[in-house]
>>> print(open('structure_19.tsv').read())   # TSV, C-alpha atoms
chain	number	residue	atom	x	y	z
A	4	MET	CA	-5.50	30.51	33.68
A	5	HIS	CA	-7.53	30.56	36.85
A	6	GLN	CA	-4.46	31.71	38.66
A	7	HIS	CA	-4.07	34.49	36.11
A	8	ALA	CA	-7.59	35.79	36.76
A	9	ASP	CA	-6.94	35.87	40.49
A	10	ASP	CA	-3.67	37.72	40.03
A	11	GLU	CA	-5.48	40.23	37.93
A	12	ARG	CA	-8.20	40.82	40.46
A	13	TRP	CA	-5.55	41.35	43.08
A	14	ASP	CA	-3.70	43.78	40.84
A	15	ARG	CA	-6.84	45.79	40.25
A	16	GLN	CA	-7.49	46.07	43.94
A	17	LYS	CA	-3.90	47.15	44.55
A	18	THR	CA	-4.11	49.71	41.76
A	19	ARG	CA	-7.28	51.19	43.22
A	20	GLU	CA	-5.66	51.54	46.60
A	21	ALA	CA	-2.58	53.14	45.12
A	22	PHE	CA	-4.73	55.70	43.32
A	23	ALA	CA	-6.67	56.41	46.48
A	24	ARG	CA	-3.41	57.19	48.29
A	25	PHE	CA	-2.24	59.24	45.33
A	26	ALA	CA	-5.48	61.26	45.36
A	27	GLU	CA	-4.74	62.15	48.99
A	28	ALA	CA	-1.16	63.12	48.22
A	29	LYS	CA	-2.31	65.30	45.33
A	30	LYS	CA	-3.59	67.79	47.86
A	31	ASP	CA	0.05	68.58	48.51
A	32	PRO	CA	1.77	68.26	45.13
A	33	GLY	CA	5.08	69.52	46.54
A	34	SER	CA	5.43	66.67	48.98
A	35	SER	CA	7.90	63.85	48.60
A	36	GLU	CA	5.01	61.46	49.20
A	37	TYR	CA	3.29	62.81	46.07
A	38	GLU	CA	6.41	62.24	43.96
A	39	ARG	CA	6.97	58.79	45.42
A	40	LEU	CA	3.42	57.59	44.78
A	41	ARG	CA	3.41	59.08	41.31
A	42	SER	CA	6.56	57.28	40.26
A	43	GLU	CA	5.30	54.11	41.90
A	44	LEU	CA	2.21	54.27	39.68
A	45	VAL	CA	4.36	54.93	36.61
A	46	VAL	CA	6.56	51.93	37.30
A	47	ALA	CA	3.53	49.75	37.99
A	48	HIS	CA	2.11	50.54	34.54
A	49	LEU	CA	5.22	50.51	32.38
A	50	ASN	CA	4.17	47.06	31.18
A	51	LEU	CA	0.98	48.56	29.78
A	52	VAL	CA	3.01	51.19	27.92
A	53	ARG	CA	5.35	48.55	26.56
A	54	TYR	CA	2.45	46.30	25.55
A	55	LEU	CA	0.89	49.14	23.57
A	56	ALA	CA	4.15	50.50	22.13
A	57	VAL	CA	5.03	47.07	20.72
A	58	LYS	CA	1.78	47.12	18.73
A	59	PHE	CA	3.01	50.18	16.85
A	60	ALA	CA	6.59	48.99	16.47
A	61	ASN	CA	6.11	47.83	12.88
A	62	ARG	CA	5.41	51.37	11.72
A	63	GLY	CA	9.05	52.26	11.35
A	64	GLU	CA	9.91	54.14	14.54
A	65	ALA	CA	12.21	52.83	17.27
A	66	LEU	CA	10.45	50.92	20.04
A	67	ASP	CA	12.38	52.81	22.73
A	68	ASP	CA	11.07	56.12	21.38
A	69	LEU	CA	7.52	54.77	21.34
A	70	ILE	CA	7.87	53.60	24.95
A	71	GLN	CA	9.17	57.02	25.89
A	72	VAL	CA	6.28	58.94	24.34
A	73	GLY	CA	3.88	56.29	25.62
A	74	THR	CA	5.19	56.97	29.12
A	75	VAL	CA	4.36	60.65	28.65
A	76	GLY	CA	0.81	59.51	27.91
A	77	LEU	CA	0.87	57.33	31.00
A	78	LEU	CA	1.89	60.30	33.17
A	79	LYS	CA	-0.96	62.36	31.77
A	80	ALA	CA	-3.38	59.54	32.46
A	81	ILE	CA	-2.10	59.11	36.03
A	82	ASP	CA	-2.50	62.83	36.72
A	83	ARG	CA	-6.00	62.99	35.28
A	84	PHE	CA	-7.40	59.69	36.47
A	85	ASP	CA	-10.25	59.93	38.89
A	86	LEU	CA	-11.29	56.84	40.85
A	87	GLU	CA	-14.83	58.18	41.08
A	88	ARG	CA	-15.33	57.60	37.38
A	89	GLY	CA	-15.69	53.95	38.21
A	90	VAL	CA	-13.56	52.68	35.34
A	91	GLU	CA	-10.39	50.66	35.57
A	92	PHE	CA	-7.21	52.66	35.18
A	93	THR	CA	-6.05	50.56	32.22
A	94	THR	CA	-9.34	51.31	30.43
A	95	TYR	CA	-8.78	55.00	31.05
A	96	ALA	CA	-5.06	55.08	30.27
A	97	THR	CA	-5.04	53.05	27.03
A	98	PRO	CA	-6.52	55.74	24.75
A	99	THR	CA	-4.31	58.40	26.33
A	100	ILE	CA	-1.16	56.36	25.76
A	101	VAL	CA	-2.21	55.34	22.24
A	102	GLY	CA	-3.08	58.98	21.50
A	103	GLU	CA	0.38	60.10	22.55
A	104	ILE	CA	2.06	57.42	20.44
A	105	LYS	CA	-0.05	58.33	17.41
A	106	ARG	CA	0.68	61.99	17.87
A	107	TYR	CA	4.38	61.15	17.79
A	108	PHE	CA	3.93	59.53	14.38
A	109	ARG	CA	2.07	62.58	13.11
A	110	ASP	CA	4.78	64.91	14.38
A	111	LYS	CA	7.32	62.86	12.54
A	112	GLY	CA	5.49	63.39	9.26
A	113	TRP	CA	4.94	59.68	9.21
A	114	ALA	CA	1.87	59.81	6.93
A	115	VAL	CA	4.06	61.40	4.28
A	116	LYS	CA	7.04	59.12	4.74
A	117	VAL	CA	5.27	55.78	4.76
A	118	PRO	CA	3.56	55.93	1.35
A	119	ARG	CA	6.88	57.05	-0.05
A	120	ARG	CA	8.63	54.12	1.61
A	121	LEU	CA	5.99	51.74	0.23
A	122	GLN	CA	6.34	53.20	-3.24
A	123	GLU	CA	10.10	52.84	-3.04
A	124	LEU	CA	9.73	49.30	-1.83
A	125	ASN	CA	7.32	48.67	-4.70
A	126	LEU	CA	9.95	49.78	-7.19
A	127	ALA	CA	12.62	47.82	-5.36
A	128	VAL	CA	10.42	44.72	-5.48
A	129	ASN	CA	9.94	45.10	-9.22
A	130	ARG	CA	13.67	45.45	-9.73
A	131	ALA	CA	14.33	42.46	-7.47
A	132	ILE	CA	11.80	40.36	-9.43
A	133	GLU	CA	13.72	41.06	-12.62
A	134	LYS	CA	17.07	40.41	-11.04
A	135	LEU	CA	16.08	37.21	-9.28
A	136	SER	CA	14.13	35.93	-12.30
A	137	VAL	CA	17.21	36.21	-14.45
A	138	LYS	CA	19.44	34.74	-11.78
A	139	MET	CA	17.21	31.79	-10.96
A	140	GLY	CA	15.58	31.23	-14.33
A	141	ARG	CA	12.18	31.26	-12.69
A	142	SER	CA	9.87	33.65	-10.94
A	143	PRO	CA	10.99	34.27	-7.33
A	144	THR	CA	8.76	33.55	-4.34
A	145	VAL	CA	7.67	36.26	-1.93
A	146	ALA	CA	9.90	34.73	0.73
A	147	GLU	CA	12.89	35.00	-1.60
A	148	LEU	CA	12.07	38.61	-2.40
A	149	ALA	CA	11.67	39.40	1.29
A	150	GLU	CA	15.05	37.92	2.05
A	151	HIS	CA	16.69	39.68	-0.88
A	152	LEU	CA	15.26	43.06	0.16
A	153	ASN	CA	15.55	42.50	3.89
A	154	ALA	CA	11.85	43.16	4.40
A	155	SER	CA	8.98	41.10	5.78
A	156	GLU	CA	6.83	39.02	3.47
A	157	GLU	CA	3.82	41.10	4.45
A	158	ASP	CA	5.71	44.26	3.45
A	159	ILE	CA	6.47	42.78	0.05
A	160	LEU	CA	2.84	41.82	-0.57
A	161	GLU	CA	1.62	45.17	0.66
A	162	ALA	CA	4.12	47.09	-1.42
A	163	GLN	CA	3.03	45.15	-4.49
A	164	GLU	CA	-0.67	45.64	-3.84
A	165	LEU	CA	-0.77	49.10	-2.37
A	166	GLY	CA	2.57	50.73	-3.03
A	167	GLN	CA	1.23	52.57	-6.04
A	168	ALA	CA	-2.31	52.87	-4.81
A	169	TYR	CA	-2.20	54.42	-1.35
A	170	ASN	CA	-4.13	57.60	-1.33
A	171	LEU	CA	-2.35	60.65	-2.52
A	172	LEU	CA	-2.24	63.25	0.20
A	173	SER	CA	-4.00	66.55	0.01
A	174	LEU	CA	-1.65	69.39	-0.77
A	175	ASP	CA	-2.92	71.07	2.36
A	176	THR	CA	-1.86	68.18	4.56
A	177	GLU	CA	0.09	69.64	7.42
A	178	LEU	CA	3.49	68.11	7.79
A	179	SER	CA	3.95	69.10	11.40
A	180	GLY	CA	1.36	70.37	13.78
A	181	GLU	CA	2.71	71.80	16.98
A	182	GLY	CA	4.02	75.19	18.03
A	183	ASP	CA	3.00	78.71	17.22
A	184	LYS	CA	4.46	79.01	13.77
A	185	LYS	CA	2.27	78.06	10.90
A	186	SER	CA	2.94	74.45	10.07
A	187	GLN	CA	4.18	73.57	6.64
A	188	THR	CA	1.99	71.84	4.13
A	189	LEU	CA	2.87	69.68	1.19
A	190	ALA	CA	2.02	72.60	-1.06
A	191	ASP	CA	4.97	74.49	0.43
A	192	TYR	CA	7.28	71.89	-1.00
A	193	ILE	CA	6.06	72.06	-4.56
A	194	GLY	CA	8.67	73.34	-6.98
A	195	THR	CA	8.29	75.03	-10.34
A	196	THR	CA	7.45	73.30	-13.58
A	197	ASP	CA	10.25	71.14	-14.78
A	198	ALA	CA	10.88	70.57	-18.45
A	199	GLY	CA	11.44	66.90	-17.76
A	200	LEU	CA	8.08	66.55	-16.08
A	201	ALA	CA	6.18	65.20	-19.06
A	202	LEU	CA	8.95	62.69	-19.58
A	203	LEU	CA	8.69	61.72	-15.93
A	204	GLU	CA	4.99	61.20	-16.36
A	205	ASP	CA	5.61	58.95	-19.34
A	206	LYS	CA	8.07	57.02	-17.24
A	207	ALA	CA	5.60	56.73	-14.37
A	208	ASN	CA	2.86	55.55	-16.74
A	209	LEU	CA	5.19	53.01	-18.25
A	210	GLU	CA	6.20	51.77	-14.81
A	211	ARG	CA	2.56	51.34	-13.88
A	212	ALA	CA	1.83	49.60	-17.17
A	213	PHE	CA	4.70	47.21	-16.44
A	214	GLU	CA	2.69	45.87	-13.55
A	215	VAL	CA	0.33	44.03	-15.85
A	216	LEU	CA	3.21	41.97	-17.16
A	217	THR	CA	4.31	38.66	-15.80
A	218	GLY	CA	7.76	38.40	-14.27
A	219	ARG	CA	9.12	36.73	-17.38
A	220	GLU	CA	7.64	39.35	-19.72
A	221	ARG	CA	9.20	42.07	-17.63
A	222	VAL	CA	12.55	40.35	-17.75
A	223	ILE	CA	12.38	40.05	-21.51
A	224	LEU	CA	11.41	43.67	-22.11
A	225	TYR	CA	13.99	44.82	-19.60
A	226	LEU	CA	16.80	42.87	-21.22
A	227	ARG	CA	15.70	43.71	-24.73
A	228	PHE	CA	15.06	47.43	-24.41
A	229	TYR	CA	16.97	48.59	-21.35
A	230	GLU	CA	20.01	46.38	-21.73
A	231	SER	CA	19.81	45.93	-25.52
A	232	VAL	CA	20.32	42.18	-25.28
A	233	SER	CA	19.43	40.29	-28.47
A	234	GLN	CA	16.47	37.94	-28.59
A	235	THR	CA	18.80	35.03	-29.21
A	236	GLU	CA	20.86	35.90	-26.15
A	237	ILE	CA	17.71	36.31	-24.02
A	238	ALA	CA	16.49	32.93	-25.26
A	239	LYS	CA	19.78	31.39	-24.17
A	240	ARG	CA	19.59	33.00	-20.71
A	241	LEU	CA	15.99	31.95	-20.14
A	242	ASN	CA	16.60	28.56	-21.66
A	243	VAL	CA	13.78	28.85	-24.20
A	244	SER	CA	13.69	29.14	-27.98
A	245	GLN	CA	14.24	32.45	-29.74
A	246	MET	CA	10.80	32.07	-31.31
A	247	HIS	CA	9.31	31.84	-27.87
A	248	VAL	CA	11.10	35.00	-26.74
A	249	SER	CA	9.83	36.75	-29.81
A	250	ARG	CA	6.25	35.70	-29.11
A	251	LEU	CA	6.49	36.70	-25.43
A	252	GLN	CA	7.98	40.05	-26.36
A	253	GLN	CA	5.21	40.64	-28.86
A	254	LYS	CA	2.55	39.76	-26.30
A	255	ALA	CA	4.16	41.93	-23.62
A	256	LEU	CA	4.33	44.95	-25.93
A	257	GLU	CA	0.69	44.51	-26.88
A	258	LYS	CA	-0.29	44.39	-23.20
A	259	LEU	CA	1.68	47.60	-22.54
A	260	ARG	CA	0.15	49.35	-25.51
A	261	HIS	CA	-3.29	48.33	-24.35
A	262	VAL	CA	-2.75	49.62	-20.80
A	263	LEU	CA	-1.20	52.89	-21.95
A	264	GLN	CA	-4.10	53.59	-24.30
A	265	GLU	CA	-6.64	53.26	-21.52
B	9	MET	CA	-11.29	76.58	-0.56
B	10	ASN	CA	-12.54	74.52	2.31
B	11	GLN	CA	-15.62	73.37	0.51
B	12	PRO	CA	-15.91	69.64	0.95
B	13	ILE	CA	-15.11	67.83	-2.23
B	14	ALA	CA	-17.78	65.36	-3.24
B	15	HIS	CA	-16.60	61.83	-2.65
B	16	PRO	CA	-16.45	59.66	-5.70
B	17	ASN	CA	-19.29	57.23	-5.53
B	18	ARG	CA	-17.94	54.05	-4.05
B	19	SER	CA	-20.82	51.69	-3.98
B	20	ALA	CA	-21.50	49.66	-0.87
B	21	GLY	CA	-19.39	46.56	-0.78
B	22	LEU	CA	-19.20	43.35	1.17
B	23	VAL	CA	-16.01	41.35	1.60
B	24	GLU	CA	-15.96	38.13	3.54
B	25	LEU	CA	-12.92	36.18	4.59
B	26	ARG	CA	-12.39	33.04	6.60
B	27	ILE	CA	-9.00	32.17	7.98
B	28	PRO	CA	-7.78	29.31	10.13
B	29	SER	CA	-7.69	30.30	13.77
B	30	LYS	CA	-3.90	30.39	13.83
B	31	ALA	CA	-1.47	33.24	14.40
B	32	GLU	CA	0.31	32.76	11.09
B	33	TRP	CA	-2.89	33.57	9.19
B	34	VAL	CA	-3.49	36.92	10.83
B	35	ALA	CA	-1.29	38.64	8.24
B	36	VAL	CA	-3.76	37.56	5.56
B	37	ALA	CA	-6.56	39.33	7.40
B	38	ARG	CA	-4.37	42.41	7.86
B	39	LEU	CA	-3.59	42.60	4.17
B	40	ALA	CA	-7.18	42.02	3.13
B	41	VAL	CA	-8.62	44.76	5.34
B	42	ALA	CA	-5.83	47.11	4.29
B	43	ALA	CA	-6.85	46.62	0.69
B	44	VAL	CA	-10.53	47.15	1.55
B	45	ALA	CA	-9.80	50.26	3.62
B	46	ASN	CA	-7.69	51.64	0.83
B	47	ARG	CA	-10.69	51.53	-1.47
B	48	LEU	CA	-12.53	53.83	0.88
B	49	ASN	CA	-10.00	56.64	0.70
B	50	PHE	CA	-8.75	56.11	4.24
B	51	SER	CA	-5.49	57.84	5.08
B	52	ILE	CA	-2.50	55.63	5.59
B	53	GLU	CA	-2.61	56.24	9.33
B	54	ASP	CA	-6.23	55.09	9.46
B	55	ILE	CA	-5.39	52.05	7.35
B	56	GLU	CA	-2.65	51.10	9.80
B	57	ASP	CA	-5.09	51.54	12.68
B	58	VAL	CA	-7.68	49.32	11.01
B	59	LYS	CA	-5.03	46.67	10.37
B	60	LEU	CA	-3.92	46.75	13.98
B	61	ALA	CA	-7.50	46.59	15.26
B	62	VAL	CA	-8.28	43.58	13.07
B	63	ALA	CA	-5.08	41.84	14.09
B	64	GLU	CA	-5.98	42.38	17.74
B	65	ALA	CA	-9.49	41.05	17.21
B	66	CYS	CA	-8.15	37.96	15.43
B	67	THR	CA	-5.58	37.41	18.16
B	68	ASN	CA	-8.39	37.56	20.70
B	69	CYS	CA	-10.25	34.90	18.78
B	70	ILE	CA	-7.17	32.71	18.58
B	71	GLN	CA	-6.42	33.06	22.28
B	72	HIS	CA	-9.98	32.71	23.47
B	73	ALA	CA	-11.57	30.54	20.82
B	74	HIS	CA	-13.31	27.68	22.43
B	75	GLY	CA	-12.13	25.13	19.98
B	76	SER	CA	-13.31	27.05	16.94
B	77	ASP	CA	-10.83	26.48	14.14
B	78	GLN	CA	-11.92	29.31	11.86
B	79	ILE	CA	-12.18	33.07	12.17
B	80	GLU	CA	-14.65	34.92	10.01
B	81	ILE	CA	-13.86	38.48	8.99
B	82	THR	CA	-16.56	40.48	7.27
B	83	CYS	CA	-15.94	43.95	5.88
B	84	GLU	CA	-18.86	46.12	4.93
B	85	THR	CA	-18.14	49.35	3.20
B	86	ASP	CA	-20.29	52.30	2.42
B	87	SER	CA	-19.27	55.71	1.19
B	88	ASP	CA	-18.11	57.05	4.54
B	89	ALA	CA	-17.41	54.13	6.86
B	90	LEU	CA	-15.91	50.69	7.12
B	91	THR	CA	-17.53	48.17	9.44
B	92	ILE	CA	-15.65	45.01	10.24
B	93	ARG	CA	-17.01	42.00	12.07
B	94	VAL	CA	-14.58	39.50	13.48
B	95	ARG	CA	-16.11	36.36	14.89
B	96	ASP	CA	-15.58	32.75	15.63
B	97	TYR	CA	-18.09	30.07	16.42
B	98	GLY	CA	-17.26	28.20	19.57
B	99	GLN	CA	-17.91	24.79	18.06
B	100	GLY	CA	-16.46	21.91	19.99
B	101	THR	CA	-16.16	23.99	23.11
B	102	ARG	CA	-13.23	23.11	25.27
B	103	PRO	CA	-14.58	22.66	28.79
B	104	GLU	CA	-11.39	23.88	30.47
B	105	ALA	CA	-11.64	27.14	28.58
B	106	ILE	CA	-15.12	27.82	29.92
B	107	GLN	CA	-14.17	27.06	33.46
B	108	SER	CA	-11.45	29.65	33.41
B	109	ARG	CA	-13.84	32.41	32.32
B	110	ARG	CA	-15.78	34.40	34.77
B	111	VAL	CA	-19.28	34.83	33.45
B	112	ASP	CA	-19.81	38.09	35.32
B	113	GLU	CA	-16.81	39.62	33.62
B	114	PRO	CA	-16.53	38.84	29.93
B	115	ARG	CA	-13.05	39.56	28.75
B	116	VAL	CA	-12.32	39.50	25.07
B	117	GLY	CA	-8.60	39.56	25.44
B	118	GLY	CA	-8.92	42.40	27.96
B	119	LEU	CA	-6.44	45.02	26.84
B	120	GLY	CA	-6.91	44.14	23.20
B	121	VAL	CA	-10.40	45.57	23.26
B	122	PHE	CA	-9.25	48.79	24.93
B	123	LEU	CA	-6.67	49.10	22.21
B	124	ILE	CA	-9.28	48.47	19.50
B	125	ARG	CA	-11.52	51.08	21.11
B	126	SER	CA	-8.80	53.67	20.94
B	127	LEU	CA	-8.22	52.95	17.26
B	128	MET	CA	-11.76	52.68	15.91
B	129	ASP	CA	-14.80	54.96	16.14
B	130	ALA	CA	-17.22	52.38	17.51
B	131	VAL	CA	-16.74	48.91	18.95
B	132	GLU	CA	-19.31	46.39	20.11
B	133	TYR	CA	-18.64	42.88	21.18
B	134	ASP	CA	-20.16	39.98	22.93
B	135	VAL	CA	-18.68	36.78	24.18
B	136	HIS	CA	-20.68	33.66	24.55
B	137	PRO	CA	-19.07	30.61	26.07
B	138	GLU	CA	-20.74	28.34	23.53
B	139	HIS	CA	-21.29	30.54	20.52
B	140	GLY	CA	-17.91	32.19	20.48
B	141	THR	CA	-16.77	35.76	20.16
B	142	ASN	CA	-18.37	38.42	18.03
B	143	LEU	CA	-16.75	41.82	17.66
B	144	VAL	CA	-18.05	44.58	15.42
B	145	MET	CA	-16.03	47.72	14.84
B	146	THR	CA	-16.53	50.75	12.67
B	147	LYS	CA	-14.19	53.38	11.38
B	148	LYS	CA	-15.39	56.50	9.63
B	149	VAL	CA	-13.58	58.04	6.74
B	150	THR	CA	-12.42	61.46	7.85
B	151	ALA	CA	-12.60	63.97	5.05
>>> encode(input="structure_19.tsv", output="structure tokens")
Amino acid sequence: MHQHADDERWDRQKTREAFARFAEAKKDPGSSEYERLRSELVVAHLNLVRYLAVKFANRGEALDDLIQVGTVGLLKAIDRFDLERGVEFTTYATPTIVGEIKRYFRDKGWAVKVPRRLQELNLAVNRAIEKLSVKMGRSPTVAELAEHLNASEEDILEAQELGQAYNLLSLDTELSGEGDKKSQTLADYIGTTDAGLALLEDKANLERAFEVLTGRERVILYLRFYESVSQTEIAKRLNVSQMHVSRLQQKALEKLRHVLQE
Amino acid sequence: MNQPIAHPNRSAGLVELRIPSKAEWVAVARLAVAAVANRLNFSIEDIEDVKLAVAEACTNCIQHAHGSDQIEITCETDSDALTIRVRDYGQGTRPEAIQSRRVDEPRVGGLGVFLIRSLMDAVEYDVHPEHGTNLVMTKKVTA
């Protein structure tokens, strides 16, 4: 670790010198020396870009793309950095690189896509719970759900907790920001009233109400009312008595009724 | 049209969490602060930023903890900001860890703090070889 600190001090000194030379070369931006020093500085700091890009890699965009836009940020930082400010280059460059990476997400409409992805995952998790519960005869673990859905355990937990809850976006949220033309907002994507809308709302309410149920209650209601399986057959599949299924079904329906009346 | 809409009254809240100072527990902190941030009407982008900042702060603690085996994460919410304190207590200080630090140049994970600074609105921290690391960061809810 001591060695590490020394290396770092040496690196800082070297970086300062490189920027001093670069500042000289800037006086003649057409020179080959200017280009050479500039690319030398870029190469020397690609690790910083990579380090930062990796931190954003779990947000659903390809790491290579993040490194690429991060490098754009690095170039900006190199061109604007002034030794006289008395700060380390890495201190100066980090917000510029992070800013560029975050802008990339915004341009991609990421803030619209991610809640949707979480909501979809939330529904997928609920379906998987039913499926795996029936298959295994017990409630699945988060690890099993993650494997089944090819997602991380944290994603599963987050989708369950927040998938339905993440803030709804303002209709005036701009979907893309750059360029001269007026950017589109969510409101631009709203269609006309659909006759099935009320039905959809009922369905959404019901789906939300389903969340108060335990895995087993969901399975029972699903089999009974979506798949029209008899109570006796459900009892056989879950390896419990028909009376028990009847009681659970009764309890589950009461819970649903209670939630929907709220 | 552009009149600010009054925020629903979200009363001040305090959430405290202690996790073992181990990498595999950081996800618990991430999830907890995400849930807290969500209560404050943060956008999803801001929530992701808060999660990343907290993960970085915890990682700092894990890498630089002087023998402390717990990390304490405190979230304080008011209507327009979330303040998170991430700290450990350097109990049972490992001597070799102190020796490797340069007192004149406190480094809480170096780059990690720059990253946190570029994600949050305000960051303060202090490192004490014996009393551990204490990092306080604030993010404002943008209307």
>>> atom_distance(input="structure_19.tsv", atom1="CA of Glu38 in chain A", atom2="CA of Ala65 in chain A")
28.9 Å
>>> residues_around(input="structure_19.tsv", residues="range 123-138 of chain B", least_positions_apart="5", cutoff="6 Å", atoms="all atoms listed in the file", output="ChimeraX atom specification")
/A:98 /B:57,61,98,143-147
>>> interface_residues(input="structure_19.tsv", of="chain B", to="chain A", cutoff="9 Å", atoms="all atoms listed in the file", output="list in words")
Ala35, Val36, Arg38, Leu39, Ala42, Ala43, Asn46, Arg47, Asn49, Phe50, Ser51, Ile52, Glu53, Glu56, Leu60, Ala105, Gln107, Ser108, Arg109, Arg110, Leu119, Phe122, Leu123, Arg125, Ser126 and Leu127 of chain B
>>> residues_near_point(input="structure_19.tsv", point="(-16.5, 55.7, 3.3)", cutoff="8 Å", atoms="only C-alpha atoms", output="MDAnalysis selection string")
chainID B and resid 18 48:50 85:90 148:149
>>> atom_distance(input="structure_19.tsv", atom1="CA of Gln234 in chain A", atom2="CA of Thr144 in chain A")
25.8 Å
>>> closest_residue(input="structure_19.tsv", among="A:Leu256, A:Ile104, A:Leu126, A:Leu86", to="Glu20 in chain A", atoms="all atoms listed in the file")
A:Leu86
>>> axis_aligned_box(input="structure_19.tsv", around="range 59-76 of chain B", padding_each_side="6 Å", output="lines of an AutoDock Vina configuration file")
center_x = -8.6
center_y = 35.9
center_z = 16.9
size_x = 21.4
size_y = 33.6
size_z = 25.1
>>> atom_distance(input="structure_19.tsv", atom1="CA of Val58 in chain B", atom2="CA of Ala127 in chain A")
26.1 Å
>>> residues_around(input="structure_19.tsv", residues="Glu87 in chain A", least_positions_apart="4", cutoff="12 Å", atoms="all atoms listed in the file", output="PyMOL selection string")
chain A and resi 19+22-23+26+83+91-92
>>> residues_around(input="structure_19.tsv", residues="Leu124 in chain A", least_positions_apart="3", cutoff="8 Å", atoms="all atoms listed in the file", output="list of chain:residue names")
A:Arg120, A:Leu121, A:Ala127, A:Val128, A:Ile159, A:Ala162, A:Gly166
>>> decode(input="structure_19.tsv", residues="range 16-48 of chain B", atoms="C-alpha atoms", output="PDB file, in the first residue's frame")
ATOM      1  CA  PRO B  16     -47.376  16.587  -1.020  1.00  0.00           C
ATOM      2  CA  ASN B  17     -46.360  16.912   2.564  1.00  0.00           C
ATOM      3  CA  ARG B  18     -43.813  14.234   3.242  1.00  0.00           C
ATOM      4  CA  SER B  19     -42.915  14.606   6.842  1.00  0.00           C
ATOM      5  CA  ALA B  20     -39.288  14.530   7.880  1.00  0.00           C
ATOM      6  CA  GLY B  21     -38.057  11.008   8.284  1.00  0.00           C
ATOM      7  CA  LEU B  22     -35.081   9.228   9.716  1.00  0.00           C
ATOM      8  CA  VAL B  23     -33.920   5.818   8.546  1.00  0.00           C
ATOM      9  CA  GLU B  24     -30.946   4.108  10.093  1.00  0.00           C
ATOM     10  CA  LEU B  25     -29.230   1.009   8.851  1.00  0.00           C
ATOM     11  CA  ARG B  26     -26.214  -0.952   9.977  1.00  0.00           C
ATOM     12  CA  ILE B  27     -24.584  -3.474   7.716  1.00  0.00           C
ATOM     13  CA  PRO B  28     -21.527  -5.668   8.118  1.00  0.00           C
ATOM     14  CA  SER B  29     -18.493  -4.062   6.551  1.00  0.00           C
ATOM     15  CA  LYS B  30     -18.435  -6.568   3.696  1.00  0.00           C
ATOM     16  CA  ALA B  31     -18.920  -6.119  -0.034  1.00  0.00           C
ATOM     17  CA  GLU B  32     -21.819  -8.567  -0.235  1.00  0.00           C
ATOM     18  CA  TRP B  33     -23.907  -6.351   2.054  1.00  0.00           C
ATOM     19  CA  VAL B  34     -23.607  -3.211  -0.037  1.00  0.00           C
ATOM     20  CA  ALA B  35     -26.621  -4.240  -2.118  1.00  0.00           C
ATOM     21  CA  VAL B  36     -28.746  -4.032   1.027  1.00  0.00           C
ATOM     22  CA  ALA B  37     -27.703  -0.420   1.505  1.00  0.00           C
ATOM     23  CA  ARG B  38     -28.372   0.316  -2.166  1.00  0.00           C
ATOM     24  CA  LEU B  39     -31.872  -1.091  -1.975  1.00  0.00           C
ATOM     25  CA  ALA B  40     -32.661   0.678   1.283  1.00  0.00           C
ATOM     26  CA  VAL B  41     -31.616   4.119   0.063  1.00  0.00           C
ATOM     27  CA  ALA B  42     -33.419   3.535  -3.231  1.00  0.00           C
ATOM     28  CA  ALA B  43     -36.603   2.920  -1.296  1.00  0.00           C
ATOM     29  CA  VAL B  44     -36.034   6.019   0.852  1.00  0.00           C
ATOM     30  CA  ALA B  45     -35.218   8.198  -2.162  1.00  0.00           C
ATOM     31  CA  ASN B  46     -38.306   6.947  -3.913  1.00  0.00           C
ATOM     32  CA  ARG B  47     -40.438   8.286  -1.091  1.00  0.00           C
ATOM     33  CA  LEU B  48     -39.094  11.747  -1.772  1.00  0.00           C
TER      34      LEU B  48
END
